[in-house]
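Heads up, model27.cif below (mmCIF, C-alpha atoms):
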data_coords
#
loop_
_atom_site.label_atom_id
_atom_site.label_comp_id
_atom_site.auth_asym_id
_atom_site.auth_seq_id
_atom_site.Cartn_x
_atom_site.Cartn_y
_atom_site.Cartn_z
CA MET A 1 -12.02 29.54 42.15
CA ASN A 2 -12.18 29.82 38.39
CA LEU A 3 -10.54 27.12 36.28
CA LYS A 4 -9.82 26.90 32.58
CA PHE A 5 -8.69 23.88 30.55
CA HIS A 6 -7.48 23.59 26.97
CA ASN A 7 -7.50 20.63 24.60
CA LYS A 8 -9.48 18.14 26.66
CA LYS A 9 -12.73 16.36 25.89
CA ILE A 10 -15.18 13.80 27.20
CA THR A 11 -15.41 10.82 24.83
CA GLY A 12 -17.87 8.52 26.57
CA ILE A 13 -20.29 8.22 29.50
CA LEU A 14 -21.83 5.05 30.91
CA THR A 15 -24.27 4.92 33.84
CA VAL A 16 -24.70 1.68 35.79
CA LEU A 17 -27.93 1.33 37.78
CA PRO A 18 -28.54 -1.36 40.40
CA GLU A 19 -31.30 -3.74 39.29
CA ASN A 20 -33.24 -3.47 42.57
CA GLU A 21 -36.11 -0.96 42.19
CA VAL A 22 -38.06 0.43 45.15
CA ASN A 23 -41.31 2.35 44.76
CA PHE A 24 -42.34 5.21 47.06
CA ASP A 25 -45.95 3.94 47.11
CA ASP A 26 -44.72 0.75 48.78
CA GLU A 27 -42.79 2.67 51.44
CA ILE A 28 -45.37 5.25 52.52
CA ASP A 29 -46.10 3.51 55.81
CA ASN A 30 -42.47 3.97 56.88
CA TYR A 31 -42.91 7.71 57.07
CA ASP A 32 -44.84 10.00 59.35
CA PHE A 33 -46.92 11.57 56.55
CA SER A 34 -50.67 11.50 56.09
CA ARG A 35 -51.61 9.72 52.84
CA GLY A 36 -52.79 13.03 51.31
CA GLN A 37 -49.53 14.72 52.26
CA SER A 38 -47.57 11.84 50.75
CA MET A 39 -49.40 12.09 47.46
CA LYS A 40 -48.90 15.86 47.29
CA LEU A 41 -45.20 15.62 48.15
CA LYS A 42 -44.80 12.84 45.62
CA LEU A 43 -45.77 15.29 42.88
CA ILE A 44 -43.86 18.26 44.26
CA MET A 45 -40.60 16.55 45.28
CA GLY A 46 -40.56 13.82 42.65
CA TYR A 47 -40.83 10.82 44.96
CA GLY A 48 -41.19 7.77 42.76
CA LYS A 49 -38.96 4.84 41.84
CA ARG A 50 -35.46 4.45 43.26
CA ARG A 51 -32.67 2.10 42.27
CA VAL A 52 -30.81 0.67 45.25
CA VAL A 53 -28.17 -2.01 45.68
CA LYS A 54 -28.89 -5.36 47.22
CA GLU A 55 -27.23 -6.30 50.52
CA GLY A 56 -23.55 -6.96 49.90
CA THR A 57 -23.19 -5.07 46.62
CA THR A 58 -20.43 -2.43 46.79
CA ILE A 59 -19.39 0.47 44.60
CA SER A 60 -16.44 -1.56 43.30
CA ASP A 61 -18.95 -4.17 42.07
CA LEU A 62 -20.88 -1.51 40.13
CA CYS A 63 -17.70 0.04 38.69
CA VAL A 64 -16.08 -3.28 37.72
CA PHE A 65 -19.34 -4.35 36.04
CA GLY A 66 -19.43 -1.16 33.99
CA MET A 67 -15.75 -1.29 33.06
CA ASN A 68 -16.03 -4.92 31.92
CA TYR A 69 -19.06 -3.95 29.82
CA LEU A 70 -16.91 -1.35 28.03
CA PHE A 71 -14.01 -3.81 27.58
CA ASP A 72 -16.35 -6.51 26.22
CA LYS A 73 -17.93 -4.07 23.75
CA ASN A 74 -14.48 -2.83 22.63
CA LEU A 75 -15.40 0.68 23.74
CA LEU A 76 -12.35 0.88 26.00
CA LYS A 77 -8.98 -0.86 26.03
CA LYS A 78 -7.29 -1.70 29.33
CA ASP A 79 -3.83 -0.61 28.25
CA ASP A 80 -5.08 2.80 27.13
CA ILE A 81 -6.07 3.79 30.68
CA ASP A 82 -3.44 6.05 32.25
CA ALA A 83 -5.38 7.08 35.35
CA ILE A 84 -8.50 6.26 37.35
CA ILE A 85 -10.17 8.86 39.54
CA LEU A 86 -12.88 7.47 41.79
CA VAL A 87 -15.23 9.99 43.41
CA THR A 88 -17.27 8.47 46.23
CA GLN A 89 -18.45 8.81 49.82
CA SER A 90 -19.18 5.11 50.17
CA PRO A 91 -15.82 3.33 49.78
CA ASP A 92 -15.55 -0.43 50.15
CA HIS A 93 -13.08 0.04 53.03
CA PHE A 94 -11.24 2.84 54.85
CA VAL A 95 -7.99 1.21 53.65
CA PRO A 96 -7.03 0.68 50.86
CA ALA A 97 -8.42 3.16 48.36
CA THR A 98 -11.32 1.62 46.44
CA SER A 99 -9.81 2.76 43.12
CA HIS A 100 -6.93 0.37 43.91
CA ILE A 101 -9.37 -2.47 44.57
CA ILE A 102 -10.99 -1.75 41.21
CA HIS A 103 -7.55 -1.60 39.58
CA GLY A 104 -6.73 -5.04 40.96
CA ARG A 105 -10.06 -6.63 40.05
CA LEU A 106 -9.70 -5.36 36.47
CA ASP A 107 -6.06 -6.51 36.20
CA LEU A 108 -4.89 -3.13 34.90
CA LYS A 109 -1.29 -2.12 34.17
CA GLN A 110 0.97 -1.00 37.02
CA ASP A 111 2.24 2.10 35.24
CA MET A 112 -0.72 4.34 36.02
CA ILE A 113 -2.35 6.66 38.58
CA CYS A 114 -5.28 5.68 40.81
CA LEU A 115 -6.82 7.97 43.40
CA ASP A 116 -9.98 8.30 45.45
CA ILE A 117 -11.68 11.66 46.03
CA ASN A 118 -14.12 12.09 48.92
CA GLN A 119 -16.86 14.24 47.41
CA ALA A 120 -20.61 13.84 47.26
CA CYS A 121 -23.06 15.81 45.13
CA SER A 122 -20.36 18.06 43.64
CA GLY A 123 -18.38 14.98 42.68
CA TYR A 124 -18.95 15.04 38.94
CA PRO A 125 -17.47 18.46 38.09
CA ILE A 126 -14.78 18.00 40.77
CA GLY A 127 -13.75 14.58 39.42
CA LEU A 128 -13.65 15.94 35.86
CA ASN A 129 -11.54 18.91 37.00
CA GLN A 130 -8.96 16.50 38.42
CA ALA A 131 -8.99 14.46 35.21
CA PHE A 132 -8.39 17.57 33.11
CA MET A 133 -5.42 18.48 35.33
CA LEU A 134 -3.90 15.00 35.01
CA LEU A 135 -4.19 15.23 31.23
CA ASP A 136 -1.67 18.09 31.30
CA GLN A 137 0.97 15.41 31.95
CA ASP A 138 2.79 14.22 28.81
CA GLU A 139 2.24 10.54 29.56
CA VAL A 140 -1.41 10.79 30.57
CA ASN A 141 -3.65 10.53 27.51
CA LYS A 142 -6.79 8.87 28.82
CA VAL A 143 -8.39 9.18 32.27
CA VAL A 144 -11.33 7.18 33.58
CA VAL A 145 -13.49 9.12 36.03
CA LEU A 146 -15.62 6.85 38.18
CA ASN A 147 -18.47 8.33 40.20
CA ALA A 148 -20.15 5.82 42.47
CA ASP A 149 -22.26 5.94 45.61
CA ILE A 150 -24.55 3.60 47.52
CA MET A 151 -25.82 6.00 50.14
CA SER A 152 -29.14 4.15 50.43
CA ARG A 153 -27.22 1.91 52.86
CA LYS A 154 -26.61 4.90 55.14
CA VAL A 155 -30.09 6.45 55.18
CA SER A 156 -32.57 5.44 57.87
CA VAL A 157 -35.71 3.71 56.62
CA LYS A 158 -37.65 6.13 58.83
CA ASP A 159 -36.01 9.32 57.55
CA ARG A 160 -38.69 10.94 55.43
CA GLY A 161 -36.36 13.79 54.49
CA SER A 162 -33.76 11.67 52.73
CA ARG A 163 -35.02 8.11 52.30
CA PRO A 164 -37.69 8.65 49.58
CA LEU A 165 -35.10 10.45 47.45
CA THR A 166 -31.93 8.40 47.84
CA GLY A 167 -30.76 6.07 45.10
CA ASP A 168 -27.54 4.25 44.23
CA ALA A 169 -25.56 4.21 40.98
CA ALA A 170 -22.15 4.37 39.33
CA ALA A 171 -20.96 6.19 36.23
CA ILE A 172 -17.89 5.92 34.05
CA THR A 173 -16.70 8.95 32.10
CA ILE A 174 -13.76 8.80 29.72
CA VAL A 175 -11.70 11.97 29.40
CA GLU A 176 -8.97 12.42 26.79
CA LYS A 177 -6.67 14.93 25.17
CA ASP A 178 -8.22 16.82 22.27
CA SER A 179 -6.35 18.29 19.31
CA THR A 180 -8.94 21.00 18.69
CA ASP A 181 -8.66 24.28 20.57
CA ASN A 182 -11.57 23.47 22.81
CA ILE A 183 -11.76 25.50 26.03
CA ILE A 184 -13.52 24.17 29.12
CA TYR A 185 -14.42 26.60 31.91
CA GLY A 186 -14.81 25.53 35.53
CA SER A 187 -15.64 26.85 38.98
CA VAL A 188 -15.03 25.22 42.37
CA ASN A 189 -16.26 26.64 45.68
CA LEU A 190 -16.63 25.40 49.23
CA ASP A 191 -17.62 26.41 52.74
CA GLY A 192 -16.29 24.02 55.37
CA LYS A 193 -18.19 25.89 58.08
CA GLY A 194 -21.26 24.11 56.75
CA ALA A 195 -19.70 20.67 57.14
CA ASP A 196 -22.41 19.48 59.54
CA ALA A 197 -25.27 20.30 57.14
CA LEU A 198 -24.81 16.88 55.51
CA ILE A 199 -22.95 14.41 57.69
CA ILE A 200 -22.75 10.82 58.91
CA PRO A 201 -21.74 11.55 62.52
CA ALA A 202 -20.47 8.08 63.51
CA GLY A 203 -18.40 5.40 61.83
CA GLY A 204 -15.15 7.30 61.36
CA PHE A 205 -12.20 7.66 63.72
CA LYS A 206 -13.75 10.60 65.58
CA MET A 207 -16.83 8.60 66.65
CA PRO A 208 -16.46 4.87 65.92
CA SER A 209 -19.70 2.93 65.45
CA THR A 210 -20.93 1.26 68.63
CA PRO A 211 -24.28 -0.24 69.74
CA GLU A 212 -25.05 3.23 71.17
CA THR A 213 -24.44 5.05 67.87
CA ALA A 214 -26.79 2.59 66.18
CA GLU A 215 -29.75 3.52 68.41
CA LEU A 216 -32.59 5.21 66.55
CA LYS A 217 -33.72 8.57 67.90
CA THR A 218 -36.71 10.61 66.69
CA ASP A 219 -36.30 14.33 65.98
CA LYS A 220 -38.98 17.03 66.27
CA SER A 221 -39.94 16.53 62.60
CA GLY A 222 -40.72 12.85 63.16
CA ASN A 223 -37.61 11.43 61.48
CA SER A 224 -36.01 8.48 63.24
CA ARG A 225 -32.31 7.92 62.62
CA SER A 226 -29.12 6.96 64.42
CA LEU A 227 -25.66 8.51 64.50
CA ASP A 228 -24.60 5.88 61.96
CA HIS A 229 -27.05 7.33 59.45
CA LEU A 230 -26.78 10.26 57.06
CA VAL A 231 -28.19 13.42 58.61
CA MET A 232 -29.23 16.31 56.40
CA LYS A 233 -30.29 19.77 57.55
CA GLY A 234 -32.72 20.08 54.67
CA ASP A 235 -33.59 23.76 55.17
CA ASP A 236 -29.94 24.80 55.34
CA VAL A 237 -28.99 22.79 52.26
CA PHE A 238 -31.95 24.10 50.26
CA ASN A 239 -31.12 27.70 51.09
CA PHE A 240 -27.41 27.29 50.43
CA VAL A 241 -28.18 25.90 46.95
CA GLN A 242 -30.64 28.68 46.08
CA LYS A 243 -28.20 31.33 47.31
CA GLU A 244 -24.92 30.05 45.86
CA VAL A 245 -25.63 28.18 42.63
CA PRO A 246 -27.23 30.92 40.45
CA PRO A 247 -24.35 33.42 40.98
CA MET A 248 -21.81 30.63 40.39
CA ILE A 249 -23.38 29.93 36.99
CA GLU A 250 -23.60 33.64 36.15
CA ASN A 251 -19.90 33.98 36.93
CA LEU A 252 -18.99 30.84 34.95
CA LEU A 253 -20.85 32.10 31.88
CA ALA A 254 -19.26 35.55 32.21
CA LYS A 255 -15.78 34.01 32.35
CA ALA A 256 -16.58 32.10 29.16
CA ASP A 257 -18.05 35.22 27.56
CA SER A 258 -21.26 33.24 27.08
CA SER A 259 -24.91 33.73 27.98
CA LYS A 260 -27.63 31.36 29.19
CA GLU A 261 -28.99 31.34 25.67
CA ASP A 262 -25.71 29.83 24.40
CA VAL A 263 -26.20 26.81 26.68
CA ASP A 264 -28.21 23.91 25.26
CA TYR A 265 -28.59 22.03 28.54
CA PHE A 266 -28.06 22.69 32.22
CA MET A 267 -27.26 19.23 33.54
CA PHE A 268 -27.41 19.72 37.29
CA HIS A 269 -27.20 17.47 40.32
CA GLN A 270 -30.64 15.98 41.06
CA PRO A 271 -31.51 16.52 44.75
CA ASN A 272 -35.27 16.74 44.19
CA LYS A 273 -37.74 18.17 41.69
CA PHE A 274 -38.79 21.13 43.85
CA MET A 275 -35.24 22.38 44.38
CA LEU A 276 -34.38 22.13 40.69
CA LYS A 277 -37.54 23.90 39.55
CA LYS A 278 -36.80 26.71 41.98
CA LEU A 279 -33.24 26.94 40.62
CA ALA A 280 -34.49 27.03 37.03
CA ASP A 281 -37.01 29.76 37.94
CA LYS A 282 -34.38 31.82 39.73
CA MET A 283 -31.94 31.46 36.82
CA GLU A 284 -34.73 32.10 34.28
CA VAL A 285 -33.91 28.87 32.46
CA SER A 286 -36.70 26.89 30.82
CA TYR A 287 -37.49 23.49 32.33
CA ASP A 288 -36.75 21.68 29.04
CA LYS A 289 -33.16 22.91 29.27
CA MET A 290 -32.76 21.72 32.86
CA PRO A 291 -34.04 18.14 33.24
CA PHE A 292 -35.28 17.16 36.71
CA ASN A 293 -36.56 13.65 35.98
CA ILE A 294 -33.87 11.54 37.64
CA VAL A 295 -35.16 11.49 41.23
CA GLU A 296 -38.60 10.21 40.17
CA ASN A 297 -37.13 7.47 37.98
CA PHE A 298 -33.94 6.39 39.76
CA GLY A 299 -33.45 8.45 42.95
CA ASN A 300 -30.75 10.93 43.90
CA SER A 301 -27.46 9.06 43.56
CA SER A 302 -25.27 11.90 44.85
CA GLY A 303 -22.43 12.75 42.45
CA VAL A 304 -23.62 10.13 39.96
CA SER A 305 -26.85 12.04 39.33
CA VAL A 306 -25.24 14.39 36.78
CA PRO A 307 -23.91 11.69 34.41
CA THR A 308 -27.21 9.82 34.92
CA THR A 309 -29.07 12.96 33.83
CA ILE A 310 -26.89 13.14 30.71
CA THR A 311 -27.11 9.48 29.67
CA TYR A 312 -30.85 9.19 30.45
CA ASN A 313 -31.93 12.43 28.76
CA LEU A 314 -29.50 12.71 25.85
CA GLY A 315 -28.21 9.15 25.38
CA GLU A 316 -27.84 8.38 21.68
CA LYS A 317 -28.23 12.05 20.72
CA LEU A 318 -24.73 12.64 22.05
CA LEU A 319 -23.29 10.05 19.67
CA THR A 320 -23.99 12.17 16.60
CA ASN A 321 -24.68 15.67 17.94
CA SER A 322 -22.76 18.21 19.95
CA TYR A 323 -24.18 20.49 22.63
CA MET A 324 -22.98 23.27 24.90
CA ILE A 325 -23.56 21.84 28.36
CA CYS A 326 -23.36 23.47 31.77
CA ILE A 327 -22.77 20.96 34.55
CA ALA A 328 -23.27 21.77 38.24
CA GLY A 329 -23.01 19.84 41.49
CA PHE A 330 -23.73 21.07 45.02
CA GLY A 331 -24.00 19.47 48.42
CA ALA A 332 -21.96 18.00 51.27
CA GLY A 333 -18.92 19.94 52.34
CA LEU A 334 -20.54 22.30 51.71
CA SER A 335 -19.28 22.46 48.16
CA TRP A 336 -20.54 23.68 44.82
CA ALA A 337 -18.82 23.35 41.46
CA SER A 338 -19.60 23.72 37.78
CA LEU A 339 -18.26 23.26 34.27
CA LEU A 340 -19.13 24.71 30.88
CA LEU A 341 -18.08 22.59 27.94
CA GLU A 342 -18.96 21.49 24.44
CA MET A 343 -19.90 17.82 24.57
CA GLY A 344 -20.75 15.51 21.67
CA ASN A 345 -19.87 12.88 19.10
CA LEU A 346 -19.20 10.50 21.98
CA ASP A 347 -18.04 6.91 21.51
CA PHE A 348 -20.80 5.82 23.90
CA CYS A 349 -23.49 7.41 26.06
CA GLU A 350 -25.83 4.92 27.65
CA THR A 351 -27.50 3.62 30.79
CA ILE A 352 -27.25 -0.06 31.73
CA ASP A 353 -28.51 -2.27 34.55
CA PHE A 354 -26.15 -4.03 36.94
CA ASN A 355 -26.68 -7.74 37.32
CA MET B 1 -55.42 36.86 49.39
CA LYS B 2 -55.16 36.27 53.14
CA LYS B 3 -58.31 34.16 53.00
CA LYS B 4 -56.70 31.98 50.31
CA ILE B 5 -53.51 31.64 52.40
CA LEU B 6 -55.59 30.44 55.35
CA GLU B 7 -57.42 27.98 53.10
CA PHE B 8 -54.15 26.43 51.92
CA LEU B 9 -52.77 26.26 55.48
CA THR B 10 -55.90 24.49 56.70
CA GLU B 11 -55.78 22.11 53.74
CA ILE B 12 -52.18 21.17 54.59
CA ARG B 13 -52.66 20.86 58.38
CA PRO B 14 -56.42 20.60 59.08
CA GLU B 15 -55.80 19.78 62.74
CA PHE B 16 -54.67 23.36 63.54
CA ASP B 17 -56.52 26.68 63.81
CA PHE B 18 -54.14 28.99 61.97
CA ALA B 19 -56.34 32.05 62.55
CA GLU B 20 -55.68 31.76 66.28
CA SER B 21 -51.90 31.38 66.08
CA SER B 22 -49.28 34.15 66.09
CA ASN B 23 -46.30 31.98 65.11
CA PHE B 24 -46.88 28.80 63.08
CA ILE B 25 -43.23 27.74 63.29
CA GLU B 26 -42.65 28.23 67.02
CA GLU B 27 -45.94 26.51 67.79
CA GLY B 28 -44.95 23.51 65.66
CA MET B 29 -47.83 23.87 63.22
CA LEU B 30 -45.69 23.88 60.05
CA ASP B 31 -42.55 21.89 59.27
CA SER B 32 -40.30 22.18 56.22
CA PHE B 33 -42.43 19.73 54.20
CA ASP B 34 -45.55 21.77 54.95
CA ILE B 35 -43.75 24.89 53.76
CA VAL B 36 -42.77 23.14 50.51
CA SER B 37 -46.42 22.10 49.98
CA LEU B 38 -47.62 25.61 50.76
CA VAL B 39 -45.12 27.23 48.37
CA ALA B 40 -46.19 24.86 45.59
CA SER B 41 -49.87 25.75 46.18
CA LEU B 42 -49.19 29.50 46.33
CA ASP B 43 -47.02 29.40 43.20
CA GLU B 44 -49.76 27.63 41.28
CA GLU B 45 -52.62 29.73 42.61
CA PHE B 46 -50.99 33.12 41.96
CA GLY B 47 -48.97 32.19 38.87
CA ILE B 48 -45.63 33.08 40.43
CA SER B 49 -42.47 31.35 41.61
CA ILE B 50 -41.56 32.42 45.13
CA ASP B 51 -37.82 33.11 45.15
CA GLY B 52 -35.95 30.10 46.52
CA THR B 53 -33.75 32.26 48.76
CA GLU B 54 -36.88 33.48 50.53
CA ILE B 55 -38.20 30.03 51.41
CA LEU B 56 -37.11 30.39 55.03
CA PRO B 57 -39.19 29.29 58.04
CA GLU B 58 -39.29 32.87 59.41
CA ASN B 59 -41.16 34.02 56.29
CA PHE B 60 -43.94 31.52 57.01
CA SER B 61 -44.56 32.19 60.69
CA ASN B 62 -47.91 33.95 60.24
CA VAL B 63 -50.45 34.95 57.58
CA ASP B 64 -49.17 38.55 57.40
CA GLY B 65 -45.63 37.30 56.74
CA ILE B 66 -46.81 34.99 53.96
CA TYR B 67 -48.92 37.83 52.53
CA GLN B 68 -45.88 40.13 52.45
CA LEU B 69 -43.84 37.38 50.76
CA LEU B 70 -46.46 37.11 48.02
CA ILE B 71 -46.47 40.88 47.51
CA LYS B 72 -42.66 40.85 47.29
CA ASN B 73 -42.87 38.13 44.64
CA GLY B 74 -45.20 40.13 42.44
CA VAL B 75 -48.72 39.24 43.55
CA THR B 76 -51.16 42.14 43.61
CA GLU B 77 -54.49 42.34 45.40
#
Let me see the structure of the file written as structure tokens.
Amino acid sequence: MNLKFHNKKITGILTVLPENEVNFDDEIDNYDFSRGQSMKLKLIMGYGKRRVVKEGTTISDLCVFGMNYLFDKNLLKKDDIDAIILVTQSPDHFVPATSHIIHGRLDLKQDMICLDINQACSGYPIGLNQAFMLLDQDEVNKVVVLNADIMSRKVSVKDRGSRPLTGDAAAITIVEKDSTDNIIYGSVNLDGKGADALIIPAGGFKMPSTPETAELKTDKSGNSRSLDHLVMKGDDVFNFVQKEVPPMIENLLAKADSSKEDVDYFMFHQPNKFMLKKLADKMEVSYDKMPFNIVENFGNSSGVSVPTTITYNLGEKLLTNSYMICIAGFGAGLSWASLLLEMGNLDFCETIDFN
Amino acid sequence: MKKKILEFLTEIRPEFDFAESSNFIEEGMLDSFDIVSLVASLDEEFGISIDGTEILPENFSNVDGIYQLLIKNGVTE
């Protein structure tokens, strides 16, 4: 589905990274790789350092820390916030919504909207889409989009497909009304028939967690995981991304009457280095326009990986410059979504450590 | 080119005799990580980028299949 928004803009992005850093070299013995294979895959896939939360740290902790940082620095005022959209697949509880927990911990006003959206790697463009729609309301002038996930807690330590790549993080994006005639183009797509390609089988109401669901079982590829863990059909996900993302971007650019050359940066979800390089090759986009350095430095933090890519690679540049940016997310659902927008002259664009 | 393909396969999984196998996937000789490693080696060696939509296990089941994939992606003998 094609979307189009008028008179909206992003005015700030903050990424919050957990302070706990894990290095692939220290984890090699967990996985069923030969040492040579590990070293080769490290280069190809981008295995490196990952940021993960400590036991007991939740997404509301990361979000509240980041919000208080903005309040303390006078980059955001509590009373200016008209809505909070939290995009996550790792809520603090089933009930209530984690955005409400964050609302309470921050002591925000009662006259506002808070909602949680269950989305993973497509969560950045999907969360922004919802924010743009809310801004069409007369009384909504500023929306805070929170993307946060701590999926490292749901990945088996002996899952060589997902574990070396998975990181945790949160991001805060401020979206506001804009008086200039700025048009933002969007695209949202999904295929629920692929729902089992990325799934945590147990832990919900369909299959509650039990001692049996926690038992580790080894698959034919040598991965050991339980039904309580995230399971990814890596081949299926890889092929879905290569098949669906390039035509989505072609269509998005056509709707905006733009070309790839008009885009300064393709800020895409960061599943792994190999997948992104293949996407760039297929789309005939140069690697310097499509950064793929997040997995090796921080890990794949699901929907947070896009804002992390922006704050880490552009950071202060976005305070004084403006760029045409194409954003894309793709993953669980299956879902794939994108945005094309002019972004710049932000009030803040930085990466901080949680502590 | 086929000799080079066999060299890379043996480098990735030295415990198997790829010349004697008719289906690397069915016989459990290559998994998805091996295919990723092989694609990276072939891309570098032949100066190409194998199309991501063609990185499917069935295209890596034997040397002839991999050879055809390289031809399709612009490699010439």
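The set of residues that the PyMOL selection byres ((chain A and resi 294-300) around 7) takes from this file is Gly46, Tyr47, Gly48, Lys49, Arg50, Arg51, Leu165, Thr166, Gly167, Gln270, Pro271, Asn272, Phe292, Asn293, Ser301, Ser302, Ser305 and Thr309 of chain A.
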Got time to write the residues from that selection, C-alpha atoms, as a short mmCIF file (atom, residue, chain, number, x, y, z; two decimals), keeping the file's coordinate frame?
data_model
loop_
_atom_site.label_atom_id
_atom_site.label_comp_id
_atom_site.auth_asym_id
_atom_site.auth_seq_id
_atom_site.Cartn_x
_atom_site.Cartn_y
_atom_site.Cartn_z
CA GLY A 46 -40.56 13.82 42.65
CA TYR A 47 -40.83 10.82 44.96
CA GLY A 48 -41.19 7.77 42.76
CA LYS A 49 -38.96 4.84 41.84
CA ARG A 50 -35.46 4.45 43.26
CA ARG A 51 -32.67 2.10 42.27
CA LEU A 165 -35.10 10.45 47.45
CA THR A 166 -31.93 8.40 47.84
CA GLY A 167 -30.76 6.07 45.10
CA GLN A 270 -30.64 15.98 41.06
CA PRO A 271 -31.51 16.52 44.75
CA ASN A 272 -35.27 16.74 44.19
CA PHE A 292 -35.28 17.16 36.71
CA ASN A 293 -36.56 13.65 35.98
CA SER A 301 -27.46 9.06 43.56
CA SER A 302 -25.27 11.90 44.85
CA SER A 305 -26.85 12.04 39.33
CA THR A 309 -29.07 12.96 33.83
#
Using all atoms listed in the file, what table do you get, as JSON lines, when you list each residue of chain B with an atom no more than 10 Å from chain A, its nearest pair of atoms, and their distance in Å rounded to one decimal, rows by chain then rising number?
{"residue": "B:Glu11", "atom": "CA", "partner": "A:Gln37", "partner_atom": "CA", "distance": 9.8}
{"residue": "B:Ile12", "atom": "CA", "partner": "A:Gln37", "partner_atom": "CA", "distance": 7.4}
{"residue": "B:Arg13", "atom": "CA", "partner": "A:Gln37", "partner_atom": "CA", "distance": 9.2}
{"residue": "B:Gly28", "atom": "CA", "partner": "A:Lys220", "partner_atom": "CA", "distance": 8.8}
{"residue": "B:Leu30", "atom": "CA", "partner": "A:Ser221", "partner_atom": "CA", "distance": 9.7}
{"residue": "B:Asp31", "atom": "CA", "partner": "A:Ser221", "partner_atom": "CA", "distance": 6.8}
{"residue": "B:Ser32", "atom": "CA", "partner": "A:Asp235", "partner_atom": "CA", "distance": 7.0}
{"residue": "B:Phe33", "atom": "CA", "partner": "A:Leu41", "partner_atom": "CA", "distance": 7.8}
{"residue": "B:Asp34", "atom": "CA", "partner": "A:Gln37", "partner_atom": "CA", "distance": 8.5}
{"residue": "B:Val36", "atom": "CA", "partner": "A:Ile44", "partner_atom": "CA", "distance": 8.0}
{"residue": "B:Ser37", "atom": "CA", "partner": "A:Leu41", "partner_atom": "CA", "distance": 6.8}
{"residue": "B:Val39", "atom": "CA", "partner": "A:Phe274", "partner_atom": "CA", "distance": 9.9}
{"residue": "B:Ala40", "atom": "CA", "partner": "A:Ile44", "partner_atom": "CA", "distance": 7.1}
{"residue": "B:Ser41", "atom": "CA", "partner": "A:Ile44", "partner_atom": "CA", "distance": 9.8}
{"residue": "B:Ile48", "atom": "CA", "partner": "A:Asp281", "partner_atom": "CA", "distance": 9.6}
{"residue": "B:Ser49", "atom": "CA", "partner": "A:Asp281", "partner_atom": "CA", "distance": 6.8}
{"residue": "B:Ile50", "atom": "CA", "partner": "A:Lys278", "partner_atom": "CA", "distance": 8.1}
{"residue": "B:Asp51", "atom": "CA", "partner": "A:Lys282", "partner_atom": "CA", "distance": 6.5}
{"residue": "B:Gly52", "atom": "CA", "partner": "A:Gln242", "partner_atom": "CA", "distance": 5.5}
{"residue": "B:Thr53", "atom": "CA", "partner": "A:Gln242", "partner_atom": "CA", "distance": 5.4}
{"residue": "B:Glu54", "atom": "CA", "partner": "A:Asn239", "partner_atom": "CA", "distance": 8.2}
{"residue": "B:Ile55", "atom": "CA", "partner": "A:Asn239", "partner_atom": "CA", "distance": 7.5}
{"residue": "B:Leu56", "atom": "CA", "partner": "A:Asp235", "partner_atom": "CA", "distance": 7.5}
{"residue": "B:Pro57", "atom": "CA", "partner": "A:Asp235", "partner_atom": "CA", "distance": 8.4}
- prompt: Just so the selection is clear, what residues does the PyMOL selection byres ((chain A and resi 331-345) around 6) cover here, as a count of residues only?
  reply: 30
field: Answer key for the PyMOL selection byres ((chain A and resi 265) around 10), residues as an MDAnalysis selection string
entry: chainID A and resid 260:264 266:268 285:291 310 314 323:327
Export of the given selection (C-alpha atoms) as a short mmCIF file (atom, residue, chain, number, x, y, z; two decimals), in the coordinates of the input:
data_model
loop_
_atom_site.label_atom_id
_atom_site.label_comp_id
_atom_site.auth_asym_id
_atom_site.auth_seq_id
_atom_site.Cartn_x
_atom_site.Cartn_y
_atom_site.Cartn_z
CA LYS A 260 -27.63 31.36 29.19
CA GLU A 261 -28.99 31.34 25.67
CA ASP A 262 -25.71 29.83 24.40
CA VAL A 263 -26.20 26.81 26.68
CA ASP A 264 -28.21 23.91 25.26
CA PHE A 266 -28.06 22.69 32.22
CA MET A 267 -27.26 19.23 33.54
CA PHE A 268 -27.41 19.72 37.29
CA VAL A 285 -33.91 28.87 32.46
CA SER A 286 -36.70 26.89 30.82
CA TYR A 287 -37.49 23.49 32.33
CA ASP A 288 -36.75 21.68 29.04
CA LYS A 289 -33.16 22.91 29.27
CA MET A 290 -32.76 21.72 32.86
CA PRO A 291 -34.04 18.14 33.24
CA ILE A 310 -26.89 13.14 30.71
CA LEU A 314 -29.50 12.71 25.85
CA TYR A 323 -24.18 20.49 22.63
CA MET A 324 -22.98 23.27 24.90
CA ILE A 325 -23.56 21.84 28.36
CA CYS A 326 -23.36 23.47 31.77
CA ILE A 327 -22.77 20.96 34.55
#
query: Do you know which residues lie at most 12 Å from (-55.5, 26.8, 58.5), with coordinates as in the file and all atoms listed in the file counted, and could you write them as an NGL selection string?
result: :B and (2-21 or 24 or 29-30 or 34 or 38 or 62-63)
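The coordinates place CA of Gly123 (chain A) at 24.7 Å from CA of Ser259 (chain A).
If all atoms listed in the file are the atoms counted, then among A:Asp80, A:Asp26, A:Glu139, A:Asp149 the closest residue to Gly303 (chain A) is A:Asp149.
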message: Please return as an MDAnalysis selection string every residue within 12 Å of (-11.1, 7.3, 45.1), taking into account all atoms listed in the file and the file's own coordinates.
response: chainID A and resid 59:60 63 83:103 113:120 123 127 130 144:149
